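S.K.: Can you keep this structure in mind? I'll have questions shortly.
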Amino acid sequence: MAVLSKIRERSIFLIIVIAMALFAFVLGDLFKYQKSDNLVGEIDGEPISREQFSKEVELYKTRTNNKSSQIQAAKSVWGNIVREKIYQKQLSNAGIVVGEEDVWSNIIEMPYIKNSPLFKNDAGLFDEEKFKEFLVTLKENAQTNPNDTQWASWLETEKSIKRNLEQSIYTGLIKNGINTTLNEGKNHYVDQTTKSNIEFVYVPFRAAPDSIFKITDSEIMAYVNDRKKDFQVEASRDLIYVKFDITPTKEDEDAVKTEVASLLNDKEEYSSAAKSAVKILGFKNTTDDKLFFNENSSDIIYSDALLTKDKLPNDVADNIINAKEGDVVGPYKDKDYYKLTKIKEFKTMPDSVKASHILISFKGALRSTDQKTEAQAKKMVDSLYKLVKNNKKKFAEVAKTISVDKGSGAKGGELDWFVYTSMVPEFRDFVFLNKKGETGIIKSSFGYHIVRIDGQKNFSKAVKAVTFGRKIEASENTENDVFEKAETFTSDVSSGKNFRTQAIDNKYVVMPATGIKVLNETLSGLKNQRQIINWAFKNDTKVNSIKRFDTDNGYVVVQLSKSYDKGLMSVSQARNKVRRILLEQKKADYIKKEMGDMSLADVAKKFKTTVKSSLAVSLASPLIPSVGRSLGLIGAINASKEGDILRGVKDKTGVFIVKITKRDAATALSNYDAFRKQIFAKLQLSSVKMYNALEKETEIVDNRALYY
């Protein structure tokens, strides 16, 4: 009772102590979480912040015109950062620092900068100050316009140049540290040119049946444990899944065809505004095709480009090319669409054209770094046009010195032969619809072009037509039916029914996905499925867990079938590879034991084969008749003497017994420098593998999978 009284007296104090302890516990976890939440990883203890990493990922995607997925960009950026840190550490250890002056000197020597007309003075020479002014302009533009990413892209370019320079310097140091001696050259020469005549019997592994050998899991694990460095693996998952694709049925297809057909001719509809029936023009009679496309929601973008017969759908090409102006062909099915094609006019045009051009760009044009306004560019192109219109020599000179298109500019503006679909519409229409020899000015998304038509060939009939289309898509009923099937299957397998058995019973195809890594983004047959991979690697996703996911075209039901942790391979992971190695070793030991002290003839008789011979085998010519290349055997022969019998020499696919019948020693040379250089060249090439070795020795913590 006295103890209880004391507790009661100090109850408030105890509550405060407990509350503070709980608060400290929660706060500690919060700080821990915030710390890890702000880091995307560490490289040799150096943190990589999530914020900076995300910025670099977005810049990378911008520089690649968003052609890279989020995970692809994250992989590239991470690889660059790791490489940069590794080389910086190695150079620092060597007492070498790549400074701003080194990077700048490298930048201004780069051909695409040094040869750019933007940075040349009146004498046509590279002007470093002009280049600096250009960079200052980029920086100022970024400060006034937050959406302008050119300055940020340039900073990333600088970093990339610095990384390449650091790598080049370090690789150069390694290469300069490699050397070979004349004695090594001599040994290499002797090894390569020592020739031996041999008699041999080759016993392939298949001569010993697999059934007489047993490979246990303990043997496999013992082999793995003895070679731990060779059997390290990343965390991985094995999945099985069933896809439920939403695809249009025959009824859906027929409905789309009927709908498209109903748009062909005029019809009357009641108008509440007019309080009477009004005439609605169909596709055939409408005079405003673009408006018709918009009002009737065409799934095909409006286009009236000229098309030759080979560019038309095969099934209706003859119908379209032989129709009359104003005719409508269709409805017809073309891939995933039902279409109507209205013929506007026919022309005769070439299938390919050769032309020359001079491109004058301006600020805001596609891929332009030019600071000229559009008006300034137009004034410049008008002036140049008068100069080059009737003078091919001047045209070529101007193209070489002024044109922004450096590829054609170097050839006097000449472009190779190209087809109708190769160029932007403005350029295309000028060169295909005008005559050879004509010169003109056109404006495209790239800037102003002075264009000259140099050649046209293979003229044929072409049609200008507009094609309205509706995509053949699944109806709501079809979508509901597929969803119900996916839901039912998910429910059945989640309640304990076997995944594979249930799929087979319902005639569904079970797809495997093995060896999935944490940063993968696709599964076989499925694209962009980070949601599935993230789920598979969650801590609370256990083996045999089931989940249904939405996909772009339906649903997929997934089961986690196996889970492998990072580290040493498990028996099941290593079994296939190691079992083959151990089986071959046991077969080699068995065959060698069976050979005993037998003669070559007796070994051949026992294993039902023949004694063969080969002349002048050497490391330079390591082919063994009926077997193939065997450098290991030649090495063993070179290490032996004439008359020796080598028993049980294991090769990739079998075992040899060999007798050396003759040995021709290498002829002495006065100088072995050529062979020393051969070794040196091989070592120089092998130096490129050093990065992988450096990366293995670097302590890398990678948390990207938490955020991507």
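Here's how to read the names in the structure tokens: chain A, B, ... by the order shown, residue numbers from 1 in each chain, ligand numbers from 1 in the order shown.
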Within 10 Å of Phe675 (chain A), counting only C-alpha atoms, which residues show up once you throw out same-chain ones fewer than 6 positions away? Write them as an MDAnalysis selection string, please.

M.R.: chainID A and resid 180:190 192 681

S.K.: Return as a Markdown table the residues of region 639-704 of chain A lying at most 8 Å from region 580-600 of chain A, together with the closest atom-to-atom pair for each and the distance in Å to one decimal, counting only C-alpha atoms, with rows in chain order and ascending residue number.

M.R.:
| residue | atom | partner | partner_atom | distance |
| --- | --- | --- | --- | --- |
| A:Arg647 | CA | A:Lys592 | CA | 7.0 |
| A:Gly648 | CA | A:Lys592 | CA | 4.7 |
| A:Lys650 | CA | A:Ala588 | CA | 6.4 |
| A:Gly654 | CA | A:Ala588 | CA | 7.0 |
| A:Val655 | CA | A:Ala588 | CA | 6.2 |
| A:Ile657 | CA | A:Leu600 | CA | 6.9 |
| A:Val658 | CA | A:Leu600 | CA | 7.7 |

S.K.: Residues near Ser570 (chain A), anyone? I mean within 12 Å using only C-alpha atoms, not counting same-chain ones fewer than 4 positions away, as a list in words.

M.R.: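 Counting only the stated atoms, we get Asp217, Ser218, Ile220, Met221, Ala222, Tyr223, Val224, Asn225, Lys228, Phe231, Gln232, Val233, Glu234, Ala235, Ser236, Lys562, Ser563, Tyr564, Asp565, Lys566, Ala574, Arg575, Asn576, Lys577 and Val578 of chain A.
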
S.K.: So that I can check the surroundings of region 611-615 of chain A, please list as an mmCIF file with C-alpha atoms, in the first residue's frame every protein, DNA and RNA residue that reaches within 7 Å of it, counting only C-alpha atoms and ignoring chain neighbours fewer than 2 positions away.

M.R.:
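File out-v1.cif, as written:
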data_model
loop_
_atom_site.group_PDB
_atom_site.id
_atom_site.type_symbol
_atom_site.label_atom_id
_atom_site.label_comp_id
_atom_site.auth_asym_id
_atom_site.auth_seq_id
_atom_site.Cartn_x
_atom_site.Cartn_y
_atom_site.Cartn_z
ATOM 1 C CA SER A 196 53.741 -29.378 -81.421
ATOM 2 C CA ASN A 197 52.529 -32.449 -83.310
ATOM 3 C CA ILE A 198 50.087 -34.433 -81.212
ATOM 4 C CA GLU A 199 48.014 -37.581 -81.116
ATOM 5 C CA PHE A 200 44.918 -37.372 -78.967
ATOM 6 C CA VAL A 201 41.661 -38.917 -77.906
ATOM 7 C CA LEU A 600 45.451 -43.743 -76.351
ATOM 8 C CA ALA A 601 44.207 -46.715 -78.397
ATOM 9 C CA ALA A 604 39.557 -44.717 -77.766
ATOM 10 C CA VAL A 617 49.337 -26.799 -82.935
ATOM 11 C CA ILE A 624 41.956 -29.026 -82.481
ATOM 12 C CA PRO A 625 40.318 -31.195 -85.219
#

S.K.: If we count only C-alpha atoms, what is near Glu133 (chain A) at a cut-off of 12 Å, once residues fewer than 5 positions away on the same chain are taken out, given as a list in words?

M.R.: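 Once the nearby chain positions are removed, what remains is Leu118, Phe119, Asp127, Glu128, Leu138, Lys139, Glu140 and Gln371 of chain A.
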
S.K.: For the residues selected in the previous step, produce a file with C-alpha atoms as a PDB file, in the first residue's frame.

M.R.:
ATOM      1  CA  LEU A 118      27.668  32.708 -83.701  1.00  0.00           C
ATOM      2  CA  PHE A 119      31.058  33.099 -82.057  1.00  0.00           C
ATOM      3  CA  ASP A 127      36.025  35.036 -80.666  1.00  0.00           C
ATOM      4  CA  GLU A 128      36.138  33.898 -77.042  1.00  0.00           C
ATOM      5  CA  LEU A 138      21.653  32.706 -71.342  1.00  0.00           C
ATOM      6  CA  LYS A 139      22.140  33.370 -67.636  1.00  0.00           C
ATOM      7  CA  GLU A 140      20.259  36.677 -67.741  1.00  0.00           C
ATOM      8  CA  GLN A 371      19.519  35.761 -80.781  1.00  0.00           C
TER       9      GLN A 371
END

S.K.: What is the CA of Tyr332 (chain A)-CA of Glu295 (chain A) distance in Å, reported with one decimal?

M.R.: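 These two atoms are separated by 21.0 Å.
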
S.K.: I need the residue nearest Lys89 (chain A) from this list: A:Gln167, A:Ser572, A:Ser352, A:Asn38. Use only C-alpha atoms for the distance.

M.R.: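 For Lys89 (chain A), the nearest of the candidates is A:Gln167.
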